[in-house]
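For reference, run05.cif is printed below; it contains mmCIF, N, CA, C and O atoms.
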data_structure
#
loop_
_atom_site.label_atom_id
_atom_site.label_comp_id
_atom_site.auth_asym_id
_atom_site.auth_seq_id
_atom_site.Cartn_x
_atom_site.Cartn_y
_atom_site.Cartn_z
N MET A 1 -0.73 9.93 11.46
CA MET A 1 -1.16 9.54 10.14
C MET A 1 -2.14 8.38 10.23
O MET A 1 -2.01 7.51 11.07
N LYS A 2 -3.12 8.38 9.33
CA LYS A 2 -4.13 7.32 9.29
C LYS A 2 -4.26 6.81 7.87
O LYS A 2 -4.21 7.58 6.91
N MET A 3 -4.42 5.49 7.73
CA MET A 3 -4.66 4.87 6.44
C MET A 3 -5.60 3.70 6.65
O MET A 3 -5.50 3.00 7.66
N THR A 4 -6.52 3.49 5.70
CA THR A 4 -7.46 2.39 5.78
C THR A 4 -7.14 1.39 4.68
O THR A 4 -6.94 1.77 3.53
N ILE A 5 -7.12 0.12 5.03
CA ILE A 5 -6.87 -0.96 4.08
C ILE A 5 -8.19 -1.69 3.86
O ILE A 5 -8.72 -2.30 4.79
N GLY A 6 -8.72 -1.60 2.66
CA GLY A 6 -9.98 -2.27 2.34
C GLY A 6 -9.84 -3.78 2.37
O GLY A 6 -8.74 -4.34 2.25
N GLU A 7 -10.98 -4.47 2.50
CA GLU A 7 -10.96 -5.93 2.59
C GLU A 7 -10.37 -6.58 1.34
O GLU A 7 -9.58 -7.52 1.44
N LEU A 8 -10.73 -6.09 0.16
CA LEU A 8 -10.19 -6.68 -1.07
C LEU A 8 -8.69 -6.42 -1.21
O LEU A 8 -7.95 -7.27 -1.68
N ALA A 9 -8.25 -5.25 -0.78
CA ALA A 9 -6.81 -4.94 -0.81
C ALA A 9 -6.07 -5.87 0.14
O ALA A 9 -5.00 -6.40 -0.19
N ALA A 10 -6.63 -6.09 1.31
CA ALA A 10 -5.99 -6.98 2.29
C ALA A 10 -5.86 -8.39 1.73
O ALA A 10 -4.81 -9.03 1.86
N VAL A 11 -6.91 -8.88 1.11
CA VAL A 11 -6.88 -10.23 0.52
C VAL A 11 -5.78 -10.31 -0.53
O VAL A 11 -5.02 -11.29 -0.58
N GLU A 12 -5.65 -9.29 -1.37
CA GLU A 12 -4.63 -9.30 -2.43
C GLU A 12 -3.22 -9.21 -1.85
O GLU A 12 -2.31 -9.90 -2.32
N ILE A 13 -3.04 -8.38 -0.83
CA ILE A 13 -1.72 -8.27 -0.19
C ILE A 13 -1.32 -9.60 0.42
O ILE A 13 -0.20 -10.08 0.23
N ILE A 14 -2.24 -10.22 1.14
CA ILE A 14 -1.96 -11.52 1.77
C ILE A 14 -1.63 -12.56 0.71
O ILE A 14 -0.71 -13.37 0.87
N LYS A 15 -2.35 -12.53 -0.41
CA LYS A 15 -2.09 -13.47 -1.50
C LYS A 15 -0.70 -13.24 -2.10
O LYS A 15 0.06 -14.20 -2.29
N LEU A 16 -0.32 -11.99 -2.35
CA LEU A 16 0.99 -11.68 -2.92
C LEU A 16 2.13 -12.06 -1.98
O LEU A 16 3.15 -12.58 -2.41
N VAL A 17 1.95 -11.80 -0.70
CA VAL A 17 2.96 -12.15 0.29
C VAL A 17 3.11 -13.68 0.37
O VAL A 17 4.21 -14.20 0.48
N GLY A 18 2.00 -14.38 0.26
CA GLY A 18 2.01 -15.84 0.36
C GLY A 18 2.63 -16.53 -0.83
O GLY A 18 3.17 -17.63 -0.71
N ILE A 19 2.58 -15.90 -2.01
CA ILE A 19 3.15 -16.50 -3.21
C ILE A 19 4.63 -16.82 -3.03
O ILE A 19 5.11 -17.86 -3.44
N ASP A 20 5.35 -15.90 -2.44
CA ASP A 20 6.79 -16.07 -2.25
C ASP A 20 7.17 -16.56 -0.86
O ASP A 20 8.33 -16.50 -0.48
N ASN A 21 6.18 -17.03 -0.09
CA ASN A 21 6.44 -17.51 1.26
C ASN A 21 7.25 -16.51 2.08
O ASN A 21 8.24 -16.85 2.72
N MET A 22 6.84 -15.26 2.03
CA MET A 22 7.54 -14.20 2.75
C MET A 22 7.20 -14.27 4.24
O MET A 22 6.21 -14.88 4.63
N PRO A 23 8.00 -13.61 5.08
CA PRO A 23 7.76 -13.65 6.53
C PRO A 23 6.49 -12.89 6.90
O PRO A 23 5.98 -12.09 6.11
N PRO A 24 5.98 -13.11 8.11
CA PRO A 24 4.76 -12.42 8.56
C PRO A 24 4.92 -10.90 8.63
O PRO A 24 3.94 -10.17 8.69
N THR A 25 6.16 -10.42 8.62
CA THR A 25 6.40 -8.97 8.65
C THR A 25 6.24 -8.34 7.27
O THR A 25 6.26 -7.12 7.16
N ALA A 26 6.07 -9.14 6.23
CA ALA A 26 5.98 -8.62 4.87
C ALA A 26 4.65 -7.89 4.65
O ALA A 26 3.67 -8.11 5.34
N GLY A 27 4.66 -7.02 3.64
CA GLY A 27 3.46 -6.28 3.31
C GLY A 27 3.65 -5.44 2.07
O GLY A 27 4.63 -5.58 1.34
N LEU A 28 2.72 -4.53 1.85
CA LEU A 28 2.74 -3.64 0.69
C LEU A 28 3.40 -2.32 1.06
O LEU A 28 2.94 -1.62 1.96
N GLN A 29 4.51 -2.00 0.39
CA GLN A 29 5.19 -0.70 0.57
C GLN A 29 4.56 0.28 -0.40
O GLN A 29 4.53 0.05 -1.60
N VAL A 30 4.01 1.36 0.14
CA VAL A 30 3.32 2.37 -0.67
C VAL A 30 4.07 3.69 -0.55
O VAL A 30 4.54 4.05 0.53
N GLY A 31 4.17 4.39 -1.67
CA GLY A 31 4.85 5.69 -1.65
C GLY A 31 4.32 6.60 -2.73
O GLY A 31 3.42 6.25 -3.49
N ILE A 32 4.91 7.79 -2.79
CA ILE A 32 4.53 8.81 -3.78
C ILE A 32 5.80 9.25 -4.49
O ILE A 32 6.82 9.50 -3.85
N ASN A 33 5.71 9.38 -5.80
CA ASN A 33 6.78 9.97 -6.60
C ASN A 33 6.21 11.16 -7.35
O ASN A 33 5.03 11.15 -7.72
N GLY A 34 7.07 12.14 -7.63
CA GLY A 34 6.64 13.25 -8.47
C GLY A 34 6.32 12.72 -9.85
O GLY A 34 7.12 11.99 -10.43
N GLY A 35 5.16 13.06 -10.38
CA GLY A 35 4.73 12.54 -11.67
C GLY A 35 4.83 13.55 -12.80
O GLY A 35 4.21 13.37 -13.83
N GLY A 36 5.57 14.62 -12.61
CA GLY A 36 5.69 15.63 -13.66
C GLY A 36 4.44 16.48 -13.75
O GLY A 36 3.85 16.85 -12.74
N CYS A 37 4.00 16.76 -14.97
CA CYS A 37 2.87 17.68 -15.16
C CYS A 37 1.54 17.10 -14.70
O CYS A 37 0.59 17.83 -14.49
N SER A 38 1.47 15.78 -14.52
CA SER A 38 0.21 15.18 -14.09
C SER A 38 0.13 15.00 -12.57
O SER A 38 -0.78 14.36 -12.07
N GLY A 39 1.08 15.56 -11.83
CA GLY A 39 1.03 15.48 -10.37
C GLY A 39 1.80 14.31 -9.83
O GLY A 39 2.80 13.88 -10.40
N PHE A 40 1.30 13.75 -8.73
CA PHE A 40 1.99 12.65 -8.07
C PHE A 40 1.59 11.31 -8.66
O PHE A 40 0.52 11.15 -9.22
N GLU A 41 2.46 10.33 -8.44
CA GLU A 41 2.24 8.97 -8.90
C GLU A 41 2.43 8.04 -7.71
O GLU A 41 3.39 8.17 -6.96
N TYR A 42 1.50 7.12 -7.52
CA TYR A 42 1.60 6.16 -6.43
C TYR A 42 2.57 5.04 -6.82
O TYR A 42 2.61 4.62 -7.98
N THR A 43 3.34 4.57 -5.86
CA THR A 43 4.21 3.42 -6.08
C THR A 43 3.84 2.32 -5.11
O THR A 43 3.45 2.59 -3.97
N CYS A 44 3.93 1.08 -5.56
CA CYS A 44 3.61 -0.09 -4.72
C CYS A 44 4.61 -1.19 -5.02
O CYS A 44 4.98 -1.41 -6.18
N ARG A 45 5.02 -1.87 -3.97
CA ARG A 45 5.84 -3.07 -4.13
C ARG A 45 5.68 -3.91 -2.87
O ARG A 45 5.36 -3.38 -1.80
N ILE A 46 5.90 -5.18 -2.99
CA ILE A 46 5.87 -6.06 -1.83
C ILE A 46 7.24 -5.98 -1.16
O ILE A 46 8.27 -6.07 -1.81
N ALA A 47 7.23 -5.80 0.15
CA ALA A 47 8.47 -5.66 0.93
C ALA A 47 8.49 -6.70 2.05
O ALA A 47 7.44 -7.09 2.56
N PHE A 48 9.70 -7.10 2.43
CA PHE A 48 9.85 -8.09 3.51
C PHE A 48 9.42 -7.53 4.87
O PHE A 48 9.05 -8.27 5.76
N GLY A 49 9.47 -6.23 5.02
CA GLY A 49 9.09 -5.58 6.27
C GLY A 49 9.20 -4.08 6.11
O GLY A 49 9.62 -3.58 5.07
N PRO A 50 8.82 -3.35 7.13
CA PRO A 50 8.87 -1.89 7.05
C PRO A 50 10.30 -1.36 7.08
O PRO A 50 11.19 -1.99 7.65
N GLY A 51 10.50 -0.20 6.48
CA GLY A 51 11.76 0.51 6.60
C GLY A 51 11.88 1.12 7.98
O GLY A 51 10.92 1.16 8.75
N LYS A 52 13.05 1.61 8.29
CA LYS A 52 13.35 2.14 9.63
C LYS A 52 12.37 3.22 10.08
O LYS A 52 11.93 3.23 11.22
N ASP A 53 12.00 4.13 9.19
CA ASP A 53 11.13 5.24 9.56
C ASP A 53 9.71 5.13 9.00
O ASP A 53 8.98 6.11 8.97
N ASP A 54 9.33 3.95 8.52
CA ASP A 54 8.02 3.77 7.91
C ASP A 54 6.90 3.78 8.95
O ASP A 54 7.06 3.31 10.08
N HIS A 55 5.76 4.28 8.52
CA HIS A 55 4.51 4.12 9.28
C HIS A 55 3.99 2.73 8.90
O HIS A 55 4.06 2.34 7.73
N VAL A 56 3.46 2.00 9.86
CA VAL A 56 2.98 0.63 9.62
C VAL A 56 1.49 0.59 9.94
O VAL A 56 1.06 1.01 11.02
N PHE A 57 0.71 0.05 8.99
CA PHE A 57 -0.73 -0.11 9.18
C PHE A 57 -1.06 -1.57 8.98
O PHE A 57 -0.65 -2.18 7.98
N THR A 58 -1.78 -2.15 9.92
CA THR A 58 -2.20 -3.55 9.80
C THR A 58 -3.71 -3.60 9.99
O THR A 58 -4.22 -3.18 11.03
N GLN A 59 -4.38 -4.04 8.96
CA GLN A 59 -5.83 -4.20 9.01
C GLN A 59 -6.21 -5.43 8.21
O GLN A 59 -5.60 -5.73 7.18
N ASN A 60 -7.23 -6.11 8.64
CA ASN A 60 -7.73 -7.29 7.94
C ASN A 60 -6.62 -8.30 7.67
O ASN A 60 -6.62 -8.99 6.65
N GLY A 61 -5.60 -8.35 8.54
CA GLY A 61 -4.52 -9.31 8.43
C GLY A 61 -3.41 -8.94 7.46
O GLY A 61 -2.51 -9.73 7.22
N ALA A 62 -3.46 -7.72 6.89
CA ALA A 62 -2.46 -7.30 5.91
C ALA A 62 -1.68 -6.09 6.44
O ALA A 62 -2.22 -5.25 7.15
N ASN A 63 -0.40 -6.02 6.05
CA ASN A 63 0.46 -4.90 6.44
C ASN A 63 0.67 -3.95 5.26
O ASN A 63 0.88 -4.40 4.13
N VAL A 64 0.62 -2.66 5.55
CA VAL A 64 0.96 -1.62 4.58
C VAL A 64 1.99 -0.71 5.24
O VAL A 64 1.82 -0.30 6.39
N PHE A 65 3.06 -0.39 4.49
CA PHE A 65 4.13 0.47 4.99
C PHE A 65 4.18 1.74 4.15
O PHE A 65 4.10 1.68 2.93
N VAL A 66 4.33 2.88 4.84
CA VAL A 66 4.41 4.17 4.16
C VAL A 66 5.64 4.91 4.66
O VAL A 66 5.80 5.10 5.86
N ASP A 67 6.51 5.32 3.72
CA ASP A 67 7.70 6.05 4.12
C ASP A 67 7.33 7.44 4.63
O ASP A 67 6.25 7.96 4.35
N ARG A 68 8.23 8.02 5.39
CA ARG A 68 7.95 9.29 6.07
C ARG A 68 7.65 10.43 5.09
O ARG A 68 6.77 11.25 5.34
N LYS A 69 8.35 10.48 3.97
CA LYS A 69 8.12 11.56 2.99
C LYS A 69 6.73 11.47 2.36
O LYS A 69 6.09 12.48 2.10
N SER A 70 6.29 10.26 2.10
CA SER A 70 4.99 10.05 1.45
C SER A 70 3.82 10.20 2.42
O SER A 70 2.69 10.45 2.00
N ALA A 71 4.09 10.03 3.71
CA ALA A 71 3.02 10.03 4.72
C ALA A 71 2.20 11.30 4.69
O ALA A 71 0.98 11.26 4.87
N ILE A 72 2.84 12.43 4.45
CA ILE A 72 2.13 13.71 4.42
C ILE A 72 1.03 13.70 3.36
O ILE A 72 -0.07 14.21 3.59
N PHE A 73 1.32 13.09 2.22
CA PHE A 73 0.39 13.09 1.10
C PHE A 73 -0.63 11.97 1.17
O PHE A 73 -1.67 12.04 0.53
N LEU A 74 -0.32 10.93 1.93
CA LEU A 74 -1.20 9.76 1.99
C LEU A 74 -2.06 9.71 3.25
O LEU A 74 -2.83 8.76 3.41
N ASP A 75 -1.94 10.69 4.11
CA ASP A 75 -2.74 10.71 5.34
C ASP A 75 -4.23 10.69 4.99
O ASP A 75 -4.71 11.47 4.18
N GLY A 76 -4.95 9.74 5.57
CA GLY A 76 -6.39 9.62 5.35
C GLY A 76 -6.76 8.79 4.13
O GLY A 76 -7.94 8.62 3.83
N THR A 77 -5.77 8.24 3.44
CA THR A 77 -6.03 7.48 2.21
C THR A 77 -6.65 6.12 2.51
O THR A 77 -6.32 5.48 3.50
N ILE A 78 -7.53 5.71 1.61
CA ILE A 78 -8.09 4.36 1.63
C ILE A 78 -7.42 3.58 0.51
O ILE A 78 -7.42 4.02 -0.64
N VAL A 79 -6.81 2.45 0.85
CA VAL A 79 -6.21 1.56 -0.15
C VAL A 79 -7.19 0.43 -0.38
O VAL A 79 -7.59 -0.26 0.55
N ASP A 80 -7.59 0.25 -1.64
CA ASP A 80 -8.50 -0.83 -1.97
C ASP A 80 -7.98 -1.56 -3.20
O ASP A 80 -6.95 -1.19 -3.75
N TYR A 81 -8.69 -2.56 -3.63
CA TYR A 81 -8.28 -3.34 -4.79
C TYR A 81 -9.49 -3.54 -5.68
O TYR A 81 -10.57 -3.89 -5.21
N LYS A 82 -9.31 -3.30 -6.97
CA LYS A 82 -10.39 -3.48 -7.94
C LYS A 82 -10.02 -4.59 -8.90
O LYS A 82 -8.86 -4.74 -9.27
N THR A 83 -11.02 -5.34 -9.31
CA THR A 83 -10.80 -6.36 -10.33
C THR A 83 -11.62 -5.99 -11.55
O THR A 83 -12.67 -5.38 -11.46
N GLY A 84 -11.13 -6.33 -12.69
CA GLY A 84 -11.83 -6.04 -13.94
C GLY A 84 -10.86 -6.19 -15.10
O GLY A 84 -9.64 -6.23 -14.91
N LEU A 85 -11.38 -6.25 -16.28
CA LEU A 85 -10.54 -6.44 -17.46
C LEU A 85 -9.63 -5.24 -17.72
O LEU A 85 -8.49 -5.40 -18.12
N MET A 86 -10.13 -4.03 -17.50
CA MET A 86 -9.36 -2.84 -17.85
C MET A 86 -8.91 -2.04 -16.63
O MET A 86 -8.18 -1.08 -16.78
N ASP A 87 -9.38 -2.43 -15.46
CA ASP A 87 -9.15 -1.57 -14.29
C ASP A 87 -8.77 -2.37 -13.05
O ASP A 87 -9.25 -2.09 -11.97
N ALA A 88 -7.92 -3.38 -13.19
CA ALA A 88 -7.54 -4.20 -12.04
C ALA A 88 -6.29 -3.62 -11.37
O ALA A 88 -5.41 -3.11 -12.04
N GLY A 89 -6.26 -3.71 -10.05
CA GLY A 89 -5.07 -3.27 -9.30
C GLY A 89 -5.44 -2.52 -8.05
O GLY A 89 -6.62 -2.33 -7.73
N PHE A 90 -4.41 -2.12 -7.33
CA PHE A 90 -4.61 -1.34 -6.11
C PHE A 90 -5.10 0.05 -6.48
O PHE A 90 -4.60 0.66 -7.43
N LYS A 91 -6.07 0.54 -5.73
CA LYS A 91 -6.64 1.88 -5.97
C LYS A 91 -6.50 2.69 -4.69
O LYS A 91 -6.65 2.16 -3.58
N PHE A 92 -6.22 3.96 -4.86
CA PHE A 92 -6.02 4.86 -3.73
C PHE A 92 -7.09 5.95 -3.76
O PHE A 92 -7.26 6.61 -4.79
N TYR A 93 -7.76 6.12 -2.64
CA TYR A 93 -8.80 7.15 -2.54
C TYR A 93 -8.41 8.09 -1.40
O TYR A 93 -8.31 7.67 -0.26
N ASN A 94 -8.14 9.33 -1.75
CA ASN A 94 -7.80 10.32 -0.71
C ASN A 94 -8.34 11.68 -1.06
O ASN A 94 -8.85 11.93 -2.11
#
Exercise: express the given structure as structure tokens:
Amino acid sequence: MKMTIGELAAVEIIKLVGIDNMPPTAGLQVGINGGGCSGFEYTCRIAFGPGKDDHVFTQNGANVFVDRKSAIFLDGTIVDYKTGLMDAGFKFYN
């Protein structure tokens, strides 16, 4: 599995991890949930470290964790971060 963490996403992950003085193993846990008629829905949360079977990606100083079930759907995804009044947050391009 491959995932790319954009520079702006890395900066935001590092900032979020730093707010709570989390350990260096902390990062962004990313996953997929069934979204009903509109398809899949991305999930994100800050985690202290990877789960037992998670894929771990470290780029630009930030960690991203992907659970095994979601990895199939997220292979090749680019995680980035957008800022703006109506469109701020993590963005996924796959």
Find the spatial neighbours of stretch 81-90 of chain A, counting only C-alpha atoms, within a cut-off of 10 Å - ignore same-chain residues fewer than 6 positions away - and output them as a ChimeraX atom specification.
-> /A:5-13,42,44
Kindly export the residues of the current selection with N, CA, C and O atoms, as a PDB file, in the coordinates of the input.
ATOM      1  N   ILE A   5      -7.120   0.120   5.030  1.00  0.00           N
ATOM      2  CA  ILE A   5      -6.870  -0.960   4.080  1.00  0.00           C
ATOM      3  C   ILE A   5      -8.190  -1.690   3.860  1.00  0.00           C
ATOM      4  O   ILE A   5      -8.720  -2.300   4.790  1.00  0.00           O
ATOM      5  N   GLY A   6      -8.720  -1.600   2.660  1.00  0.00           N
ATOM      6  CA  GLY A   6      -9.980  -2.270   2.340  1.00  0.00           C
ATOM      7  C   GLY A   6      -9.840  -3.780   2.370  1.00  0.00           C
ATOM      8  O   GLY A   6      -8.740  -4.340   2.250  1.00  0.00           O
ATOM      9  N   GLU A   7     -10.980  -4.470   2.500  1.00  0.00           N
ATOM     10  CA  GLU A   7     -10.960  -5.930   2.590  1.00  0.00           C
ATOM     11  C   GLU A   7     -10.370  -6.580   1.340  1.00  0.00           C
ATOM     12  O   GLU A   7      -9.580  -7.520   1.440  1.00  0.00           O
ATOM     13  N   LEU A   8     -10.730  -6.090   0.160  1.00  0.00           N
ATOM     14  CA  LEU A   8     -10.190  -6.680  -1.070  1.00  0.00           C
ATOM     15  C   LEU A   8      -8.690  -6.420  -1.210  1.00  0.00           C
ATOM     16  O   LEU A   8      -7.950  -7.270  -1.680  1.00  0.00           O
ATOM     17  N   ALA A   9      -8.250  -5.250  -0.780  1.00  0.00           N
ATOM     18  CA  ALA A   9      -6.810  -4.940  -0.810  1.00  0.00           C
ATOM     19  C   ALA A   9      -6.070  -5.870   0.140  1.00  0.00           C
ATOM     20  O   ALA A   9      -5.000  -6.400  -0.190  1.00  0.00           O
ATOM     21  N   ALA A  10      -6.630  -6.090   1.310  1.00  0.00           N
ATOM     22  CA  ALA A  10      -5.990  -6.980   2.290  1.00  0.00           C
ATOM     23  C   ALA A  10      -5.860  -8.390   1.730  1.00  0.00           C
ATOM     24  O   ALA A  10      -4.810  -9.030   1.860  1.00  0.00           O
ATOM     25  N   VAL A  11      -6.910  -8.880   1.110  1.00  0.00           N
ATOM     26  CA  VAL A  11      -6.880 -10.230   0.520  1.00  0.00           C
ATOM     27  C   VAL A  11      -5.780 -10.310  -0.530  1.00  0.00           C
ATOM     28  O   VAL A  11      -5.020 -11.290  -0.580  1.00  0.00           O
ATOM     29  N   GLU A  12      -5.650  -9.290  -1.370  1.00  0.00           N
ATOM     30  CA  GLU A  12      -4.630  -9.300  -2.430  1.00  0.00           C
ATOM     31  C   GLU A  12      -3.220  -9.210  -1.850  1.00  0.00           C
ATOM     32  O   GLU A  12      -2.310  -9.900  -2.320  1.00  0.00           O
ATOM     33  N   ILE A  13      -3.040  -8.380  -0.830  1.00  0.00           N
ATOM     34  CA  ILE A  13      -1.720  -8.270  -0.190  1.00  0.00           C
ATOM     35  C   ILE A  13      -1.320  -9.600   0.420  1.00  0.00           C
ATOM     36  O   ILE A  13      -0.200 -10.080   0.230  1.00  0.00           O
ATOM     37  N   TYR A  42       1.500   7.120  -7.520  1.00  0.00           N
ATOM     38  CA  TYR A  42       1.600   6.160  -6.430  1.00  0.00           C
ATOM     39  C   TYR A  42       2.570   5.040  -6.820  1.00  0.00           C
ATOM     40  O   TYR A  42       2.610   4.620  -7.980  1.00  0.00           O
ATOM     41  N   CYS A  44       3.930   1.080  -5.560  1.00  0.00           N
ATOM     42  CA  CYS A  44       3.610  -0.090  -4.720  1.00  0.00           C
ATOM     43  C   CYS A  44       4.610  -1.190  -5.020  1.00  0.00           C
ATOM     44  O   CYS A  44       4.980  -1.410  -6.180  1.00  0.00           O
TER      45      CYS A  44
END
Figure out the distance between atom O of A:Thr25 and atom O of A:Pro50, please, to one decimal in Å.
->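 Going from atom O of A:Pro50 over to atom O of A:Thr25, I get 7.1 Å.
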What gap, in Å, lies between atom CA of A:Tyr93 and atom CA of A:Pro24?
->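 Taking atom CA of A:Tyr93 as the start and atom CA of A:Pro24 as the end point, the length is 26.3 Å.
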Do you have the atom O of A:Gly34-atom N of A:Leu16 distance handy?
->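 Atom-to-atom, atom O of A:Gly34 to atom N of A:Leu16, that is 26.4 Å.
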Within 7 Å of (6.3, 1.8, -4.3), only C-alpha atoms: residues as a ChimeraX atom specification?
-> /A:29-31,42-45
Would you return as a ChimeraX atom specification the members of chain A that DSSP assigns to helix (DSSP H, G or I) on this structure's backbone?
-> /A:7-19,36-38,68-74
Step one, run DSSP on the backbone; step two, keep only residues of chain A assigned to strand (DSSP E); then write them as a compact mmCIF listing (two decimals) with N, CA, C and O atoms, in the frame of the given file.
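Output (part.txt):
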# COMPACT_ATOMS: atom_id res chain seq x y z
N MET A 3 -4.42 5.49 7.73
CA MET A 3 -4.66 4.87 6.44
C MET A 3 -5.60 3.70 6.65
O MET A 3 -5.50 3.00 7.66
N THR A 4 -6.52 3.49 5.70
CA THR A 4 -7.46 2.39 5.78
C THR A 4 -7.14 1.39 4.68
O THR A 4 -6.94 1.77 3.53
N ILE A 5 -7.12 0.12 5.03
CA ILE A 5 -6.87 -0.96 4.08
C ILE A 5 -8.19 -1.69 3.86
O ILE A 5 -8.72 -2.30 4.79
N GLY A 27 4.66 -7.02 3.64
CA GLY A 27 3.46 -6.28 3.31
C GLY A 27 3.65 -5.44 2.07
O GLY A 27 4.63 -5.58 1.34
N LEU A 28 2.72 -4.53 1.85
CA LEU A 28 2.74 -3.64 0.69
C LEU A 28 3.40 -2.32 1.06
O LEU A 28 2.94 -1.62 1.96
N GLN A 29 4.51 -2.00 0.39
CA GLN A 29 5.19 -0.70 0.57
C GLN A 29 4.56 0.28 -0.40
O GLN A 29 4.53 0.05 -1.60
N VAL A 30 4.01 1.36 0.14
CA VAL A 30 3.32 2.37 -0.67
C VAL A 30 4.07 3.69 -0.55
O VAL A 30 4.54 4.05 0.53
N GLY A 31 4.17 4.39 -1.67
CA GLY A 31 4.85 5.69 -1.65
C GLY A 31 4.32 6.60 -2.73
O GLY A 31 3.42 6.25 -3.49
N ILE A 32 4.91 7.79 -2.79
CA ILE A 32 4.53 8.81 -3.78
C ILE A 32 5.80 9.25 -4.49
O ILE A 32 6.82 9.50 -3.85
N ASN A 33 5.71 9.38 -5.80
CA ASN A 33 6.78 9.97 -6.60
C ASN A 33 6.21 11.16 -7.35
O ASN A 33 5.03 11.15 -7.72
N GLY A 34 7.07 12.14 -7.63
CA GLY A 34 6.64 13.25 -8.47
C GLY A 34 6.32 12.72 -9.85
O GLY A 34 7.12 11.99 -10.43
N PHE A 40 1.30 13.75 -8.73
CA PHE A 40 1.99 12.65 -8.07
C PHE A 40 1.59 11.31 -8.66
O PHE A 40 0.52 11.15 -9.22
N GLU A 41 2.46 10.33 -8.44
CA GLU A 41 2.24 8.97 -8.90
C GLU A 41 2.43 8.04 -7.71
O GLU A 41 3.39 8.17 -6.96
N TYR A 42 1.50 7.12 -7.52
CA TYR A 42 1.60 6.16 -6.43
C TYR A 42 2.57 5.04 -6.82
O TYR A 42 2.61 4.62 -7.98
N THR A 43 3.34 4.57 -5.86
CA THR A 43 4.21 3.42 -6.08
C THR A 43 3.84 2.32 -5.11
O THR A 43 3.45 2.59 -3.97
N CYS A 44 3.93 1.08 -5.56
CA CYS A 44 3.61 -0.09 -4.72
C CYS A 44 4.61 -1.19 -5.02
O CYS A 44 4.98 -1.41 -6.18
N ARG A 45 5.02 -1.87 -3.97
CA ARG A 45 5.84 -3.07 -4.13
C ARG A 45 5.68 -3.91 -2.87
O ARG A 45 5.36 -3.38 -1.80
N ILE A 46 5.90 -5.18 -2.99
CA ILE A 46 5.87 -6.06 -1.83
C ILE A 46 7.24 -5.98 -1.16
O ILE A 46 8.27 -6.07 -1.81
N ALA A 47 7.23 -5.80 0.15
CA ALA A 47 8.47 -5.66 0.93
C ALA A 47 8.49 -6.70 2.05
O ALA A 47 7.44 -7.09 2.56
N HIS A 55 5.76 4.28 8.52
CA HIS A 55 4.51 4.12 9.28
C HIS A 55 3.99 2.73 8.90
O HIS A 55 4.06 2.34 7.73
N VAL A 56 3.46 2.00 9.86
CA VAL A 56 2.98 0.63 9.62
C VAL A 56 1.49 0.59 9.94
O VAL A 56 1.06 1.01 11.02
N PHE A 57 0.71 0.05 8.99
CA PHE A 57 -0.73 -0.11 9.18
C PHE A 57 -1.06 -1.57 8.98
O PHE A 57 -0.65 -2.18 7.98
N THR A 58 -1.78 -2.15 9.92
CA THR A 58 -2.20 -3.55 9.80
C THR A 58 -3.71 -3.60 9.99
O THR A 58 -4.22 -3.18 11.03
N GLN A 59 -4.38 -4.04 8.96
CA GLN A 59 -5.83 -4.20 9.01
C GLN A 59 -6.21 -5.43 8.21
O GLN A 59 -5.60 -5.73 7.18
N ALA A 62 -3.46 -7.72 6.89
CA ALA A 62 -2.46 -7.30 5.91
C ALA A 62 -1.68 -6.09 6.44
O ALA A 62 -2.22 -5.25 7.15
N ASN A 63 -0.40 -6.02 6.05
CA ASN A 63 0.46 -4.90 6.44
C ASN A 63 0.67 -3.95 5.26
O ASN A 63 0.88 -4.40 4.13
N VAL A 64 0.62 -2.66 5.55
CA VAL A 64 0.96 -1.62 4.58
C VAL A 64 1.99 -0.71 5.24
O VAL A 64 1.82 -0.30 6.39
N PHE A 65 3.06 -0.39 4.49
CA PHE A 65 4.13 0.47 4.99
C PHE A 65 4.18 1.74 4.15
O PHE A 65 4.10 1.68 2.93
N VAL A 66 4.33 2.88 4.84
CA VAL A 66 4.41 4.17 4.16
C VAL A 66 5.64 4.91 4.66
O VAL A 66 5.80 5.10 5.86
N THR A 77 -5.77 8.24 3.44
CA THR A 77 -6.03 7.48 2.21
C THR A 77 -6.65 6.12 2.51
O THR A 77 -6.32 5.48 3.50
N ILE A 78 -7.53 5.71 1.61
CA ILE A 78 -8.09 4.36 1.63
C ILE A 78 -7.42 3.58 0.51
O ILE A 78 -7.42 4.02 -0.64
N VAL A 79 -6.81 2.45 0.85
CA VAL A 79 -6.21 1.56 -0.15
C VAL A 79 -7.19 0.43 -0.38
O VAL A 79 -7.59 -0.26 0.55
N ASP A 80 -7.59 0.25 -1.64
CA ASP A 80 -8.50 -0.83 -1.97
C ASP A 80 -7.98 -1.56 -3.20
O ASP A 80 -6.95 -1.19 -3.75
N TYR A 81 -8.69 -2.56 -3.63
CA TYR A 81 -8.28 -3.34 -4.79
C TYR A 81 -9.49 -3.54 -5.68
O TYR A 81 -10.57 -3.89 -5.21
N LYS A 82 -9.31 -3.30 -6.97
CA LYS A 82 -10.39 -3.48 -7.94
C LYS A 82 -10.02 -4.59 -8.90
O LYS A 82 -8.86 -4.74 -9.27
N GLY A 89 -6.26 -3.71 -10.05
CA GLY A 89 -5.07 -3.27 -9.30
C GLY A 89 -5.44 -2.52 -8.05
O GLY A 89 -6.62 -2.33 -7.73
N PHE A 90 -4.41 -2.12 -7.33
CA PHE A 90 -4.61 -1.34 -6.11
C PHE A 90 -5.10 0.05 -6.48
O PHE A 90 -4.60 0.66 -7.43
N LYS A 91 -6.07 0.54 -5.73
CA LYS A 91 -6.64 1.88 -5.97
C LYS A 91 -6.50 2.69 -4.69
O LYS A 91 -6.65 2.16 -3.58
N PHE A 92 -6.22 3.96 -4.86
CA PHE A 92 -6.02 4.86 -3.73
C PHE A 92 -7.09 5.95 -3.76
O PHE A 92 -7.26 6.61 -4.79
N TYR A 93 -7.76 6.12 -2.64
CA TYR A 93 -8.80 7.15 -2.54
C TYR A 93 -8.41 8.09 -1.40
O TYR A 93 -8.31 7.67 -0.26
Name all residues at most 7 Å from A:Lys2 (count all atoms listed in the file; drop same-chain ones fewer than 3 positions away) and give them as a PyMOL selection string.
-> chain A and resi 71+74-78
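Among the candidate residues A:Asn63, A:Asn94, A:Thr4, A:Thr58, the one lying nearest to A:Leu28 is A:Asn63, with distances computed using only N, CA, C and O atoms.
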